[in-house]
Amino acid sequence: MNSTLILSATGIIVSGVVGPAISGWAARRADAQRFNRDQRGKHREDLRMLVDEAAALLAVGATNLRQIREARKTDREEPDEVRDWASNVHALQQRLLLRVAPYDLVTTTYRDVRDALVTLDRPNGVVLEEAVRDFEQKRLAFLAAARASLEKELA
């Protein structure tokens, strides 16, 4: 057989069959990588928004619990916004668990902050200012863990 004919047939096969197959495979692989990258970005943004909400809720924690204590001392009913705030603090942990594992540092530090809030709510001989300091320390630990988690997600 003529070498020109073999070379021509090989060129046709490579350009007509092998080339498009490799091109299609590369395009599918790139699409899958792009999809996975977009999903990670959406997950990170969702977690960031949830952490922002947690930070806003926890920022007024000590103040709201002082209002609850004062209302109880004077036999008044707690303000509705404070009651709603307390419900949101507890519900936020469930929302965090949907996005990060129960043993993740973000989840465990949030649980610690929530437990410190419960201690503030039920004094049981705990000095208020000590309980507030403990709460603030745990709140800062949660914020640091959340920041580290969000920075890690970028990498």
# chains A, B, ... in the order shown; residues from 1 in each chain; ligands from 1

call {"tool": "closest_atom_pairs", "arguments": {"of": "region 66-126 of chain A", "to": "region 132-143 of chain A", "cutoff": "6 Å", "atoms": "only C-alpha atoms", "output": "tab-separated table"}}
result
residue	atom	partner	partner_atom	distance
A:Thr109	CA	A:Phe142	CA	4.9
A:Tyr110	CA	A:Phe142	CA	5.7
A:Val113	CA	A:Lys138	CA	5.2
A:Ala116	CA	A:Phe135	CA	5.1

call {"tool": "select_by_dssp", "arguments": {"residues": "region 31-138 of chain A", "states": "helix (DSSP H, G or I)", "output": "ChimeraX atom specification"}}
result
/A:31-59,61-73,80-99,105-121,128-138

call {"tool": "closest_residue", "arguments": {"among": "A:Arg69, A:Arg111, A:Arg99, A:Arg76", "to": "Arg44 (chain A)", "atoms": "only C-alpha atoms"}}
result
A:Arg99

call {"tool": "closest_residue", "arguments": {"among": "A:Val82, A:Val51, A:Leu150, A:Ile12", "to": "Leu96 (chain A)", "atoms": "only C-alpha atoms"}}
result
A:Val51
